[in-house]
file entry.pdb (PDB, C-alpha atoms and all ligand atoms)
ATOM      1  CA  SER A   1     -18.546  -1.804 -14.660
ATOM      2  CA  ALA A   2     -19.551   1.671 -15.786
ATOM      3  CA  LYS A   3     -23.194   0.653 -15.797
ATOM      4  CA  SER A   4     -23.357  -0.723 -12.289
ATOM      5  CA  ALA A   5     -21.337   2.181 -10.888
ATOM      6  CA  GLY A   6     -23.745   4.514 -12.651
ATOM      7  CA  ALA A   7     -26.827   2.800 -11.278
ATOM      8  CA  ALA A   8     -25.450   2.910  -7.750
ATOM      9  CA  THR A   9     -24.679   6.607  -8.045
ATOM     10  CA  TYR A  10     -28.086   7.440  -9.318
ATOM     11  CA  ARG A  11     -29.744   5.881  -6.287
ATOM     12  CA  PHE A  12     -27.201   7.595  -4.112
ATOM     13  CA  PHE A  13     -28.089  11.064  -5.371
ATOM     14  CA  ASP A  14     -31.793  10.333  -5.678
ATOM     15  CA  THR A  15     -32.604   9.053  -2.226
ATOM     16  CA  SER A  16     -30.385  11.294  -0.185
ATOM     17  CA  LEU A  17     -31.113  14.603  -1.868
ATOM     18  CA  ASN A  18     -34.659  15.846  -2.249
ATOM     19  CA  ALA A  19     -35.692  19.390  -1.391
ATOM     20  CA  SER A  20     -34.114  21.448  -4.130
ATOM     21  CA  SER A  21     -32.273  24.211  -2.264
ATOM     22  CA  ALA A  22     -31.120  21.857   0.473
ATOM     23  CA  ARG A  23     -30.109  19.547  -2.331
ATOM     24  CA  GLU A  24     -28.030  22.206  -4.023
ATOM     25  CA  THR A  25     -26.267  23.178  -0.825
ATOM     26  CA  GLU A  26     -25.581  19.555  -0.045
ATOM     27  CA  LEU A  27     -24.273  18.865  -3.535
ATOM     28  CA  LEU A  28     -22.111  21.950  -3.524
ATOM     29  CA  GLY A  29     -20.598  20.834  -0.238
ATOM     30  CA  ARG A  30     -20.020  17.355  -1.573
ATOM     31  CA  PHE A  31     -18.329  18.527  -4.750
ATOM     32  CA  LYS A  32     -16.159  21.006  -2.867
ATOM     33  CA  ARG A  33     -15.102  18.319  -0.402
ATOM     34  CA  ALA A  34     -14.440  15.907  -3.241
ATOM     35  CA  ILE A  35     -12.214  18.460  -4.975
ATOM     36  CA  ARG A  36     -10.420  19.270  -1.718
ATOM     37  CA  ASP A  37      -9.960  15.579  -0.870
ATOM     38  CA  ASP A  38      -8.631  14.811  -4.361
ATOM     39  CA  GLU A  39     -11.452  12.432  -5.199
ATOM     40  CA  PHE A  40     -11.676  13.498  -8.849
ATOM     41  CA  CYS A  41      -9.190  12.303 -11.385
ATOM     42  CA  LEU A  42      -8.711  12.413 -15.116
ATOM     43  CA  HIS A  43      -8.421   9.360 -17.295
ATOM     44  CA  TYR A  44      -6.899   9.653 -20.746
ATOM     45  CA  GLN A  45      -7.785   8.136 -24.101
ATOM     46  CA  PRO A  46      -5.617   8.509 -27.206
ATOM     47  CA  ARG A  47      -6.720   9.911 -30.541
ATOM     48  CA  VAL A  48      -5.024   8.097 -33.407
ATOM     49  CA  GLU A  49      -4.484   9.315 -36.974
ATOM     50  CA  LEU A  50      -5.192   6.863 -39.762
ATOM     51  CA  GLN A  51      -2.062   7.173 -41.924
ATOM     52  CA  GLU A  52       0.662   5.858 -39.626
ATOM     53  CA  PHE A  53      -1.572   5.086 -36.637
ATOM     54  CA  THR A  54       0.323   7.435 -34.358
ATOM     55  CA  VAL A  55      -1.186   9.085 -31.311
ATOM     56  CA  VAL A  56      -1.881  12.727 -32.124
ATOM     57  CA  GLY A  57      -3.675  13.713 -28.961
ATOM     58  CA  LEU A  58      -5.359  12.581 -25.768
ATOM     59  CA  GLU A  59      -8.790  13.298 -24.359
ATOM     60  CA  ALA A  60      -9.020  13.903 -20.623
ATOM     61  CA  LEU A  61     -12.156  12.332 -19.126
ATOM     62  CA  ILE A  62     -13.163  13.051 -15.558
ATOM     63  CA  ARG A  63     -13.924  10.342 -12.991
ATOM     64  CA  TRP A  64     -14.967  10.585  -9.364
ATOM     65  CA  GLN A  65     -13.194   8.109  -7.124
ATOM     66  CA  HIS A  66     -15.831   8.076  -4.403
ATOM     67  CA  PRO A  67     -14.633   6.634  -1.085
ATOM     68  CA  GLU A  68     -17.844   4.599  -0.616
ATOM     69  CA  HIS A  69     -19.344   4.309  -4.086
ATOM     70  CA  GLY A  70     -16.238   3.548  -6.089
ATOM     71  CA  LEU A  71     -15.477   4.937  -9.525
ATOM     72  CA  ILE A  72     -18.282   7.230 -10.735
ATOM     73  CA  TYR A  73     -18.478   8.153 -14.430
ATOM     74  CA  PRO A  74     -19.192  11.678 -15.680
ATOM     75  CA  ASN A  75     -22.640  10.887 -17.084
ATOM     76  CA  ASP A  76     -23.717  10.404 -13.468
ATOM     77  CA  PHE A  77     -22.583  13.754 -12.122
ATOM     78  CA  ILE A  78     -21.750  16.221 -14.920
ATOM     79  CA  SER A  79     -25.379  17.095 -15.670
ATOM     80  CA  LEU A  80     -26.006  17.667 -11.951
ATOM     81  CA  ALA A  81     -23.019  19.974 -11.854
ATOM     82  CA  GLU A  82     -24.247  21.705 -15.018
ATOM     83  CA  ASN A  83     -27.485  22.706 -13.307
ATOM     84  CA  ASN A  84     -25.587  25.278 -11.318
ATOM     85  CA  ASP A  85     -22.176  26.829 -11.082
ATOM     86  CA  LEU A  86     -20.602  23.675  -9.747
ATOM     87  CA  ILE A  87     -19.577  22.941 -13.307
ATOM     88  CA  VAL A  88     -17.485  26.105 -13.297
ATOM     89  CA  LEU A  89     -15.751  24.958 -10.125
ATOM     90  CA  LEU A  90     -15.252  21.471 -11.496
ATOM     91  CA  GLY A  91     -14.194  22.851 -14.877
ATOM     92  CA  ARG A  92     -11.450  24.884 -13.227
ATOM     93  CA  TRP A  93     -10.241  21.752 -11.492
ATOM     94  CA  VAL A  94     -10.173  19.920 -14.837
ATOM     95  CA  ILE A  95      -8.152  22.667 -16.542
ATOM     96  CA  ASP A  96      -5.674  22.684 -13.679
ATOM     97  CA  ALA A  97      -5.398  18.896 -13.481
ATOM     98  CA  ALA A  98      -4.852  18.505 -17.241
ATOM     99  CA  CYS A  99      -2.116  21.159 -17.312
ATOM    100  CA  ARG A 100      -0.502  19.762 -14.169
ATOM    101  CA  GLN A 101      -0.414  16.316 -15.786
ATOM    102  CA  LEU A 102       1.088  17.684 -18.999
ATOM    103  CA  ALA A 103       3.804  19.384 -16.968
ATOM    104  CA  ALA A 104       4.480  16.150 -15.083
ATOM    105  CA  TRP A 105       4.804  14.147 -18.316
ATOM    106  CA  CYS A 106       7.137  16.817 -19.728
ATOM    107  CA  ALA A 107       9.237  16.676 -16.556
ATOM    108  CA  GLN A 108       9.485  12.893 -16.988
ATOM    109  CA  GLY A 109      10.874  13.499 -20.464
ATOM    110  CA  LEU A 110       7.897  11.854 -22.170
ATOM    111  CA  PRO A 111       6.944  12.853 -25.716
ATOM    112  CA  VAL A 112       3.742  14.726 -24.956
ATOM    113  CA  VAL A 113       0.833  15.292 -27.315
ATOM    114  CA  PRO A 114      -2.016  17.806 -26.962
ATOM    115  CA  VAL A 115      -4.597  17.046 -24.279
ATOM    116  CA  ALA A 116      -8.249  17.861 -24.960
ATOM    117  CA  ILE A 117     -10.601  18.775 -22.138
ATOM    118  CA  ASN A 118     -14.399  18.860 -22.333
ATOM    119  CA  VAL A 119     -16.018  22.188 -21.604
ATOM    120  CA  SER A 120     -19.748  22.716 -20.913
ATOM    121  CA  SER A 121     -21.769  25.629 -22.249
ATOM    122  CA  ARG A 122     -22.131  27.061 -18.754
ATOM    123  CA  GLN A 123     -18.364  27.388 -18.514
ATOM    124  CA  LEU A 124     -18.321  29.462 -21.698
ATOM    125  CA  LYS A 125     -20.825  31.846 -20.118
ATOM    126  CA  ASP A 126     -18.763  32.101 -16.927
ATOM    127  CA  GLY A 127     -16.814  35.047 -18.311
ATOM    128  CA  ALA A 128     -13.554  33.925 -16.746
ATOM    129  CA  LEU A 129     -12.776  30.891 -18.901
ATOM    130  CA  LEU A 130     -10.209  32.595 -21.112
ATOM    131  CA  GLU A 131      -8.445  34.053 -18.093
ATOM    132  CA  THR A 132      -8.542  30.728 -16.227
ATOM    133  CA  VAL A 133      -7.091  28.821 -19.165
ATOM    134  CA  MET A 134      -4.330  31.326 -19.880
ATOM    135  CA  THR A 135      -3.356  31.671 -16.205
ATOM    136  CA  THR A 136      -3.220  27.903 -15.767
ATOM    137  CA  LEU A 137      -1.089  27.391 -18.889
ATOM    138  CA  GLU A 138       1.262  30.038 -17.545
ATOM    139  CA  LYS A 139       1.320  28.482 -14.067
ATOM    140  CA  TYR A 140       2.526  25.135 -15.446
ATOM    141  CA  GLN A 141       4.574  26.597 -18.316
ATOM    142  CA  ILE A 142       2.494  24.745 -20.888
ATOM    143  CA  SER A 143       2.344  25.929 -24.482
ATOM    144  CA  PRO A 144      -1.245  26.767 -25.576
ATOM    145  CA  ASP A 145      -0.969  24.365 -28.503
ATOM    146  CA  LEU A 146      -0.766  21.473 -26.019
ATOM    147  CA  LEU A 147      -4.279  22.199 -24.792
ATOM    148  CA  GLU A 148      -7.435  21.566 -26.761
ATOM    149  CA  ILE A 149     -11.051  22.183 -25.879
ATOM    150  CA  GLU A 150     -14.053  20.095 -26.876
ATOM    151  CA  VAL A 151     -17.452  21.763 -26.970
ATOM    152  CA  THR A 152     -20.786  20.417 -28.176
ATOM    153  CA  GLU A 153     -23.146  21.930 -30.708
ATOM    154  CA  SER A 154     -25.414  22.956 -27.831
ATOM    155  CA  CYS A 155     -22.840  25.566 -26.763
ATOM    156  CA  PHE A 156     -23.388  27.370 -30.066
ATOM    157  CA  ILE A 157     -27.119  26.746 -30.157
ATOM    158  CA  GLU A 158     -27.745  28.125 -26.644
ATOM    159  CA  ASP A 159     -25.759  31.313 -26.971
ATOM    160  CA  PHE A 160     -23.966  31.601 -30.276
ATOM    161  CA  ASP A 161     -22.367  35.008 -29.738
ATOM    162  CA  THR A 162     -20.863  34.180 -26.356
ATOM    163  CA  ALA A 163     -19.553  30.788 -27.447
ATOM    164  CA  ASN A 164     -18.173  32.196 -30.662
ATOM    165  CA  LYS A 165     -16.417  35.083 -28.932
ATOM    166  CA  VAL A 166     -14.788  33.101 -26.103
ATOM    167  CA  LEU A 167     -13.705  30.262 -28.363
ATOM    168  CA  GLU A 168     -12.362  32.643 -30.983
ATOM    169  CA  GLN A 169     -10.183  34.311 -28.353
ATOM    170  CA  LEU A 170      -8.892  30.964 -27.135
ATOM    171  CA  GLN A 171      -8.183  29.915 -30.711
ATOM    172  CA  LYS A 172      -6.292  33.156 -31.350
ATOM    173  CA  ARG A 173      -4.034  32.310 -28.434
ATOM    174  CA  GLY A 174      -3.279  28.876 -29.865
ATOM    175  CA  VAL A 175      -5.766  26.663 -28.004
ATOM    176  CA  LYS A 176      -7.490  24.459 -30.592
ATOM    177  CA  ILE A 177     -11.231  23.821 -30.432
ATOM    178  CA  ALA A 178     -13.051  20.682 -31.583
ATOM    179  CA  LEU A 179     -16.792  20.216 -31.990
ATOM    180  CA  ASP A 180     -17.767  17.139 -29.952
ATOM    181  CA  ASP A 181     -20.662  14.684 -30.440
ATOM    182  CA  TYR A 182     -21.230  16.057 -33.942
ATOM    183  CA  GLY A 183     -24.596  15.084 -35.378
ATOM    184  CA  THR A 184     -26.511  14.854 -32.096
ATOM    185  CA  GLY A 185     -27.547  18.514 -32.048
ATOM    186  CA  PHE A 186     -30.534  17.923 -34.377
ATOM    187  CA  SER A 187     -28.928  20.299 -36.885
ATOM    188  CA  GLY A 188     -29.716  23.308 -34.754
ATOM    189  CA  LEU A 189     -26.371  24.373 -36.103
ATOM    190  CA  LYS A 190     -27.190  25.607 -39.595
ATOM    191  CA  ASN A 191     -23.704  25.026 -40.877
ATOM    192  CA  LEU A 192     -20.143  24.603 -39.815
ATOM    193  CA  LYS A 193     -18.918  27.641 -41.656
ATOM    194  CA  ASN A 194     -16.886  30.230 -39.760
ATOM    195  CA  LEU A 195     -16.976  28.473 -36.403
ATOM    196  CA  PRO A 196     -13.727  28.873 -34.426
ATOM    197  CA  ILE A 197     -12.989  25.148 -34.624
ATOM    198  CA  TYR A 198     -10.347  23.006 -36.320
ATOM    199  CA  ALA A 199     -12.025  19.607 -36.087
ATOM    200  CA  ILE A 200     -15.306  17.821 -35.617
ATOM    201  CA  LYS A 201     -15.784  14.599 -33.692
ATOM    202  CA  ILE A 202     -18.539  12.486 -35.195
ATOM    203  CA  ASP A 203     -20.699  11.096 -32.409
ATOM    204  CA  ARG A 204     -20.308   7.430 -31.752
ATOM    205  CA  SER A 205     -24.001   6.751 -32.391
ATOM    206  CA  PHE A 206     -23.214   7.116 -36.126
ATOM    207  CA  ILE A 207     -20.174   4.834 -35.892
ATOM    208  CA  ARG A 208     -21.751   1.948 -34.002
ATOM    209  CA  ASP A 209     -23.607   0.379 -36.983
ATOM    210  CA  ILE A 210     -21.684   2.057 -39.750
ATOM    211  CA  ARG A 211     -21.126  -1.240 -41.567
ATOM    212  CA  ASN A 212     -24.762  -2.361 -41.544
ATOM    213  CA  ASP A 213     -26.772   0.827 -41.436
ATOM    214  CA  ASN A 214     -26.540   2.470 -44.820
ATOM    215  CA  SER A 215     -27.941   5.801 -43.626
ATOM    216  CA  ASP A 216     -25.247   6.034 -40.937
ATOM    217  CA  ALA A 217     -22.610   5.277 -43.567
ATOM    218  CA  VAL A 218     -24.051   7.968 -45.833
ATOM    219  CA  ILE A 219     -24.216  10.538 -43.021
ATOM    220  CA  VAL A 220     -20.615   9.844 -42.043
ATOM    221  CA  ALA A 221     -19.367   9.994 -45.648
ATOM    222  CA  SER A 222     -21.090  13.296 -46.360
ATOM    223  CA  THR A 223     -19.993  14.752 -43.014
ATOM    224  CA  ILE A 224     -16.386  13.905 -43.881
ATOM    225  CA  SER A 225     -16.683  15.545 -47.272
ATOM    226  CA  LEU A 226     -18.422  18.641 -45.865
ATOM    227  CA  ALA A 227     -15.805  19.014 -43.107
ATOM    228  CA  HIS A 228     -12.895  18.552 -45.511
ATOM    229  CA  ASN A 229     -14.344  21.117 -47.888
ATOM    230  CA  LEU A 230     -14.360  23.560 -44.981
ATOM    231  CA  GLY A 231     -10.785  22.695 -44.024
ATOM    232  CA  LEU A 232     -11.746  20.810 -40.860
ATOM    233  CA  LYS A 233     -10.281  17.562 -39.543
ATOM    234  CA  VAL A 234     -12.631  14.672 -38.832
ATOM    235  CA  VAL A 235     -12.389  12.413 -35.798
ATOM    236  CA  ALA A 236     -14.645   9.376 -35.372
ATOM    237  CA  GLU A 237     -15.649   8.568 -31.790
ATOM    238  CA  GLY A 238     -16.374   5.157 -30.327
ATOM    239  CA  VAL A 239     -14.424   2.986 -32.756
ATOM    240  CA  GLU A 240     -14.534  -0.494 -31.280
ATOM    241  CA  SER A 241     -13.712  -2.844 -34.137
ATOM    242  CA  LYS A 242     -11.243  -3.354 -36.946
ATOM    243  CA  GLU A 243     -14.139  -3.352 -39.426
ATOM    244  CA  GLN A 244     -15.255   0.111 -38.302
ATOM    245  CA  LEU A 245     -11.649   1.278 -38.516
ATOM    246  CA  VAL A 246     -11.219  -0.004 -42.072
ATOM    247  CA  HIS A 247     -14.541   1.531 -43.132
ATOM    248  CA  LEU A 248     -13.567   4.924 -41.692
ATOM    249  CA  LYS A 249     -10.095   4.884 -43.205
ATOM    250  CA  THR A 250     -11.576   4.071 -46.603
ATOM    251  CA  ALA A 251     -14.115   6.874 -46.160
ATOM    252  CA  GLY A 252     -11.258   9.341 -45.644
ATOM    253  CA  CYS A 253     -11.713   9.953 -41.916
ATOM    254  CA  ASP A 254      -8.597  11.570 -40.410
ATOM    255  CA  GLN A 255      -8.500  10.252 -36.867
ATOM    256  CA  VAL A 256     -10.271   7.817 -34.566
ATOM    257  CA  GLN A 257     -10.758   7.381 -30.866
ATOM    258  CA  GLY A 258     -12.234   4.322 -29.243
ATOM    259  CA  PHE A 259     -11.906   1.100 -27.328
ATOM    260  CA  TYR A 260     -10.448  -0.655 -30.406
ATOM    261  CA  PHE A 261      -7.118   1.082 -29.874
ATOM    262  CA  GLN A 262      -7.327   2.014 -26.231
ATOM    263  CA  ARG A 263      -9.849   2.478 -23.445
ATOM    264  CA  PRO A 264      -9.422   5.539 -21.243
ATOM    265  CA  VAL A 265      -6.749   4.836 -18.601
ATOM    266  CA  ALA A 266      -5.260   6.531 -15.551
ATOM    267  CA  ALA A 267      -2.417   9.015 -16.041
ATOM    268  CA  SER A 268       0.296   6.605 -14.889
ATOM    269  CA  GLU A 269      -0.696   4.022 -17.483
ATOM    270  CA  MET A 270      -1.036   6.692 -20.169
ATOM    271  CA  GLY A 271       2.506   7.798 -19.329
ATOM    272  CA  ARG A 272       3.738   4.317 -20.210
ATOM    273  CA  LEU A 273       1.675   4.314 -23.408
ATOM    274  CA  LEU A 274       3.136   7.666 -24.467
ATOM    275  CA  GLN A 275       6.554   6.046 -24.776
ATOM    276  CA  ARG A 276       5.386   3.926 -27.654
ATOM    277  CA  ARG A 277       3.457   6.347 -29.726
ATOM    278  CA  LYS A 278       2.323   4.026 -32.447
ATOM    279  CA  PHE A 279      -0.531   1.544 -32.696
ATOM    280  CA  ARG A 280      -0.905  -1.396 -35.021
ATOM    281  CA  PRO A 281      -4.213  -1.395 -36.950
TER     282      PRO A 281
HETATM  283  P1  LIG A 301     -17.337  12.651 -24.746
HETATM  284  O1  LIG A 301     -16.598  13.918 -24.591
HETATM  285  O2  LIG A 301     -18.021  12.413 -26.028
HETATM  286  O3  LIG A 301     -16.271  11.515 -24.436
HETATM  287  C1  LIG A 301     -16.249  10.255 -25.045
HETATM  288  C2  LIG A 301     -16.924   9.217 -24.194
HETATM  289  O4  LIG A 301     -16.999   8.009 -24.930
HETATM  290  C3  LIG A 301     -16.168   8.873 -22.920
HETATM  291  O5  LIG A 301     -17.120   8.484 -21.927
HETATM  292  C4  LIG A 301     -15.356   7.656 -23.358
HETATM  293  O6  LIG A 301     -14.942   6.823 -22.291
HETATM  294  C5  LIG A 301     -16.358   6.956 -24.228
HETATM  295  N1  LIG A 301     -15.747   6.094 -25.230
HETATM  296  C6  LIG A 301     -14.538   6.209 -25.813
HETATM  297  N2  LIG A 301     -14.331   5.238 -26.709
HETATM  298  C7  LIG A 301     -15.441   4.462 -26.699
HETATM  299  C8  LIG A 301     -15.836   3.277 -27.420
HETATM  300  O7  LIG A 301     -15.125   2.750 -28.247
HETATM  301  N3  LIG A 301     -17.070   2.772 -27.132
HETATM  302  C9  LIG A 301     -17.890   3.337 -26.210
HETATM  303  N4  LIG A 301     -19.072   2.764 -25.989
HETATM  304  N5  LIG A 301     -17.555   4.459 -25.525
HETATM  305  C10 LIG A 301     -16.335   5.006 -25.763
HETATM  306  P2  LIG A 301     -17.025   9.043 -20.442
HETATM  307  O8  LIG A 301     -15.614   9.136 -20.003
HETATM  308  O9  LIG A 301     -17.973   8.242 -19.610
HETATM  309  O10 LIG A 301     -17.565  10.532 -20.596
HETATM  310  C11 LIG A 301     -18.876  10.788 -20.990
HETATM  311  C12 LIG A 301     -19.093  12.247 -21.277
HETATM  312  O11 LIG A 301     -18.938  13.028 -20.100
HETATM  313  C13 LIG A 301     -18.090  12.839 -22.258
HETATM  314  O12 LIG A 301     -18.438  12.491 -23.585
HETATM  315  C14 LIG A 301     -18.217  14.302 -21.963
HETATM  316  O13 LIG A 301     -19.335  14.842 -22.623
HETATM  317  C15 LIG A 301     -18.488  14.306 -20.476
HETATM  318  N6  LIG A 301     -17.245  14.609 -19.759
HETATM  319  C16 LIG A 301     -16.197  13.827 -19.471
HETATM  320  N7  LIG A 301     -15.239  14.485 -18.801
HETATM  321  C17 LIG A 301     -15.679  15.758 -18.676
HETATM  322  C18 LIG A 301     -15.142  16.953 -18.097
HETATM  323  O14 LIG A 301     -14.023  16.994 -17.571
HETATM  324  N8  LIG A 301     -15.916  18.084 -18.155
HETATM  325  C19 LIG A 301     -17.150  18.092 -18.766
HETATM  326  N9  LIG A 301     -17.842  19.241 -18.779
HETATM  327  N10 LIG A 301     -17.668  17.001 -19.322
HETATM  328  C20 LIG A 301     -16.957  15.840 -19.288
HETATM  329 MG    MG A 302     -15.234  14.904 -25.633
HETATM  330 MG    MG A 303     -18.074  12.919 -27.814
HETATM  331 MG    MG A 304     -20.536  13.296 -25.120
END
call {"tool": "encode", "arguments": {"input": "entry.pdb", "output": "structure tokens"}}
result
Amino acid sequence: SAKSAGAATYRFFDTSLNASSARETELLGRFKRAIRDDEFCLHYQPRVELQEFTVVGLEALIRWQHPEHGLIYPNDFISLAENNDLIVLLGRWVIDAACRQLAAWCAQGLPVVPVAINVSSRQLKDGALLETVMTTLEKYQISPDLLEIEVTESCFIEDFDTANKVLEQLQKRGVKIALDDYGTGFSGLKNLKNLPIYAIKIDRSFIRDIRNDNSDAVIVASTISLAHNLGLKVVAEGVESKEQLVHLKTAGCDQVQGFYFQRPVAASEMGRLLQRRKFRP
């Protein structure tokens, strides 16, 4: 399971890597080898709109298929990579892999939908993100509107001007931006006005008890109304039950993502799922 894999990884990094500079060098080597040896892969989870229950997009989620430790989930290595420029290296791999996969699905004649990748604040500060994205789209002949980027509130809180500028340029070129994990940033973001985004994804911590916790229900309802008033789409994350789905549809939420419809799956399985684009509620 995700939990046990995570626990194993933690021990793995903790015991073998101590002194900090040696640790960084070691980690860098490990990540580079893992990229070279094709140990990373992307899994895909559909985003479903709540009118016809059709798939309107996919989120690409990175996994590390470690030869000894098995499948390692991003929570166990992304923050390590974020502590230095490894995340830039890994981020480039993610952009390339997502575009390569889109091109492969197109070549198979599958009806493709936009793929969203997660981007860390450090990648926005890299200075080359725009160039990397545009070059990669070109390389695989992918239209910019087939790529989406998810950023968290922290990207704007840490360095508003940089985030705003880079994302605005991407948006101008047709790459859509969504604000991920909305609500977890302790409202460091004063408001959602004028951000270069088209959608917000409400964090799954607000969805989990939405039927029993009245304050969660109120937060979600007012977030939906705020977002709609600003012309933004609303996606609910972590929808696991029919009851949550019904609640969200009634509340006017636009789209959902979660285990209820589909867990993240490998590209081959997602290819099969793309053929039948519609879910039953
Ligand atoms: P996220 O972007 O908020 O992605 C959603 C996470 O929720 C994913 O976890 C997904 O598997 C999980 N999830 C989806 N539906 C459900 C549900 O119904 N219930 C529950 N309990 N969980 C659900 P995952 O794949 O472990 O990724 C965790 C986080 O790691 C992501 O959160 C994202 O912040 C980060 N991440 C993933 N891939 C990348 C990447 O390529 N680059 C960067 N920088 N970060 C990534
Ligand atoms: Mg995300
Ligand atoms: Mg999220
Ligand atoms: Mg997250």
call {"tool": "closest_atom_pairs", "arguments": {"input": "entry.pdb", "of": "chain A", "to": "ligand MG 302 (chain A)", "cutoff": "8 Å", "atoms": "only C-alpha atoms and all ligand atoms", "output": "JSON lines"}}
result
{"residue": "A:Glu59", "atom": "CA", "partner": "A:MG302", "partner_atom": "MG", "distance": 6.8}
{"residue": "A:Leu61", "atom": "CA", "partner": "A:MG302", "partner_atom": "MG", "distance": 7.6}
{"residue": "A:Ala116", "atom": "CA", "partner": "A:MG302", "partner_atom": "MG", "distance": 7.6}
{"residue": "A:Ile117", "atom": "CA", "partner": "A:MG302", "partner_atom": "MG", "distance": 7.0}
{"residue": "A:Asn118", "atom": "CA", "partner": "A:MG302", "partner_atom": "MG", "distance": 5.2}
{"residue": "A:Glu150", "atom": "CA", "partner": "A:MG302", "partner_atom": "MG", "distance": 5.5}
{"residue": "A:Val151", "atom": "CA", "partner": "A:MG302", "partner_atom": "MG", "distance": 7.3}
{"residue": "A:Asp180", "atom": "CA", "partner": "A:MG302", "partner_atom": "MG", "distance": 5.5}
{"residue": "A:Asp181", "atom": "CA", "partner": "A:MG302", "partner_atom": "MG", "distance": 7.3}
call {"tool": "resolve_selection", "arguments": {"input": "entry.pdb", "expression": "the PyMOL selection byres (((chain A and resi 242-255) around 9) and not hetatm)", "output": "ChimeraX atom specification"}}
result
/A:47-51,53,56,207-211,217,220-221,224-225,233-237,239-241,256-257,260,281
call {"tool": "residues_around", "arguments": {"input": "entry.pdb", "residues": "Gln123 of chain A", "least_positions_apart": "6", "cutoff": "12 Å", "atoms": "all atoms listed in the file", "output": "MDAnalysis selection string"}}
result
chainID A and resid 81:92 94:95 129:133 149:151 155 159 162:163 166:167
call {"tool": "atom_distance", "arguments": {"input": "entry.pdb", "atom1": "atom CA of Gly231 of chain A", "atom2": "atom CA of Lys165 of chain A"}}
result
20.3 Å
call {"tool": "resolve_selection", "arguments": {"input": "entry.pdb", "expression": "the PyMOL selection byres (((chain A and resi 31) around 12) and not hetatm)", "output": "number ranges by chain"}}
result
A: 24-30, 32-40, 64-66, 77-78, 80-81, 84-91, 93
